[in-house]
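**Q** One structure, pasted below without further comment.
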Amino acid sequence: MPSVQKNPLHPIEINEYPKLFDYVLTKQGLIYFHTLKRNYILGKDMNLDEYNKLRLMYVYYATANRNPQEVSAWQDICITLDDKGIFEKNMYCSKEDLKNKSFIIKNPHYESGLYRKYVEYVKDAMNSK
């Protein structure tokens, strides 16, 4: 299996995942994330703010835990939501609410610009096709 399949955020190394994003989940955030994820999986009605929070918290959860399978699941959810016409909108407000409720806190391991390395890789791969 190619490394891109095993590592959905290639060329970022799996051990660097915890450095990718500026925030991480708190204990209360983890509980809320699992509630959102469960509601999504069960097909319960969710509003745009909840979908935004699910997207944000899912990637924080997956990368903090160095879990490529969860990163792939996050990517699948983002694609599925986009396909359903549920696009990211007002993400700033959703993120601020998560911060205000102490569901996420600053990531002490965050490395600015690291995620851009992945985005540039994806853009280059798409442009070469």
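Residues in the structure tokens are numbered from 1 in each chain, the chains being A, B, ... in the order shown, and ligands are numbered from 1 in the order shown.
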Considering only C-alpha atoms, return as a ChimeraX atom specification whatever protein or nucleic-acid residues lie within 10 Å of segment 79-86 of chain A, sequence-local ones (same chain, fewer than 6 positions apart) excluded.

**A** /A:47-48,51-52,55,73

**Q** Can I get the selected residues back with N, CA and C atoms, as a PDB file, in the first residue's frame?

**A**
ATOM      1  N   ASN A  47     -27.654  21.480  12.710  1.00  0.00           N
ATOM      2  CA  ASN A  47     -27.611  22.762  12.022  1.00  0.00           C
ATOM      3  C   ASN A  47     -26.198  23.026  11.494  1.00  0.00           C
ATOM      4  N   LEU A  48     -26.051  24.087  10.718  1.00  0.00           N
ATOM      5  CA  LEU A  48     -24.759  24.390  10.091  1.00  0.00           C
ATOM      6  C   LEU A  48     -23.654  24.568  11.130  1.00  0.00           C
ATOM      7  N   TYR A  51     -22.427  21.200  12.182  1.00  0.00           N
ATOM      8  CA  TYR A  51     -21.587  20.603  11.140  1.00  0.00           C
ATOM      9  C   TYR A  51     -20.205  21.256  11.118  1.00  0.00           C
ATOM     10  N   ASN A  52     -20.165  22.580  11.252  1.00  0.00           N
ATOM     11  CA  ASN A  52     -18.884  23.287  11.304  1.00  0.00           C
ATOM     12  C   ASN A  52     -18.039  22.770  12.467  1.00  0.00           C
ATOM     13  N   ARG A  55     -16.650  19.295  11.831  1.00  0.00           N
ATOM     14  CA  ARG A  55     -15.479  19.354  10.941  1.00  0.00           C
ATOM     15  C   ARG A  55     -14.225  19.785  11.709  1.00  0.00           C
ATOM     16  N   ALA A  73     -11.514   9.459   7.807  1.00  0.00           N
ATOM     17  CA  ALA A  73     -12.947   9.573   8.099  1.00  0.00           C
ATOM     18  C   ALA A  73     -13.362  11.045   8.105  1.00  0.00           C
TER      19      ALA A  73
END

**Q** Show which residues sit within 12 Å of segment 21-27 of chain A, as number ranges by chain. Count only C-alpha atoms, and ignore same-chain residues fewer than 4 positions away.

**A** A: 16-17, 31-34, 53-54, 56-65, 95-96, 98-99, 101-116

**Q** Which residues of segment 18-79 of chain A sit at most 7 Å from segment 7-12 of chain A, using only C-alpha atoms? Give each one's shortest atom pair and distance in Å (one decimal place), in chain and ascending residue order, as a tab-separated table.

**A**
residue	atom	partner	partner_atom	distance
A:Pro68	CA	A:Asn7	CA	5.7
A:Val71	CA	A:Pro8	CA	6.7
A:Ser72	CA	A:Pro8	CA	6.1

**Q** Kindly save the residues from that selection, with all heavy atoms included, as an mmCIF file, in the first residue's frame.

**A**
data_model
loop_
_atom_site.group_PDB
_atom_site.id
_atom_site.type_symbol
_atom_site.label_atom_id
_atom_site.label_comp_id
_atom_site.auth_asym_id
_atom_site.auth_seq_id
_atom_site.Cartn_x
_atom_site.Cartn_y
_atom_site.Cartn_z
ATOM 1 N N PRO A 68 -4.394 8.090 11.382
ATOM 2 C CA PRO A 68 -4.676 8.239 9.950
ATOM 3 C C PRO A 68 -6.080 7.781 9.545
ATOM 4 O O PRO A 68 -6.695 8.378 8.670
ATOM 5 C CB PRO A 68 -3.615 7.369 9.276
ATOM 6 C CG PRO A 68 -2.521 7.234 10.271
ATOM 7 C CD PRO A 68 -3.187 7.287 11.618
ATOM 8 N N VAL A 71 -8.376 10.557 10.363
ATOM 9 C CA VAL A 71 -8.169 11.659 9.417
ATOM 10 C C VAL A 71 -8.903 11.351 8.117
ATOM 11 O O VAL A 71 -9.575 12.218 7.550
ATOM 12 C CB VAL A 71 -6.669 11.928 9.153
ATOM 13 C CG1 VAL A 71 -6.484 12.929 8.013
ATOM 14 C CG2 VAL A 71 -5.980 12.443 10.417
ATOM 15 N N SER A 72 -8.799 10.118 7.655
ATOM 16 C CA SER A 72 -9.520 9.712 6.441
ATOM 17 C C SER A 72 -11.025 9.829 6.637
ATOM 18 O O SER A 72 -11.739 10.288 5.737
ATOM 19 C CB SER A 72 -9.162 8.278 6.051
ATOM 20 O OG SER A 72 -7.822 8.202 5.627
#

**Q** Taking into account only C-alpha atoms, which residue in the set A:Lys19, A:Tyr40, A:Val122, A:Lys129 is nearest to Ile77 of chain A?

**A**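 Closest to Ile77 of chain A of all the choices is A:Tyr40.
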
**Q** Would you mind writing down, as a list of chain:residue names, each residue of chain A that DSSP on the backbone assigns to strand (DSSP E or B)?

**A**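 The strand (DSSP E or B) residues within chain A come out as A:Tyr23, A:Val24, A:Leu25, A:Ile104, A:Ile105, A:Lys106.
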
**Q** Between A:Glu50, A:Asp124, A:Glu70, A:Glu13, which is the closest to Asn90 of chain A once you count only C-alpha atoms?

**A**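 Under the stated criterion, the closest residue is A:Glu50.
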
**Q** Would you list, as a PyMOL selection string, the residues of segment 35-94 of chain A that end up in helix (DSSP H, G or I) under DSSP run on this structure's backbone?

**A** chain A and resi 35-41+48-64+68-83+91-94

**Q** Could you jot down the atom CA of Lys37 of chain A to atom CA of Gln75 of chain A separation for me, Å, one decimal place?

**A** 13.6 Å
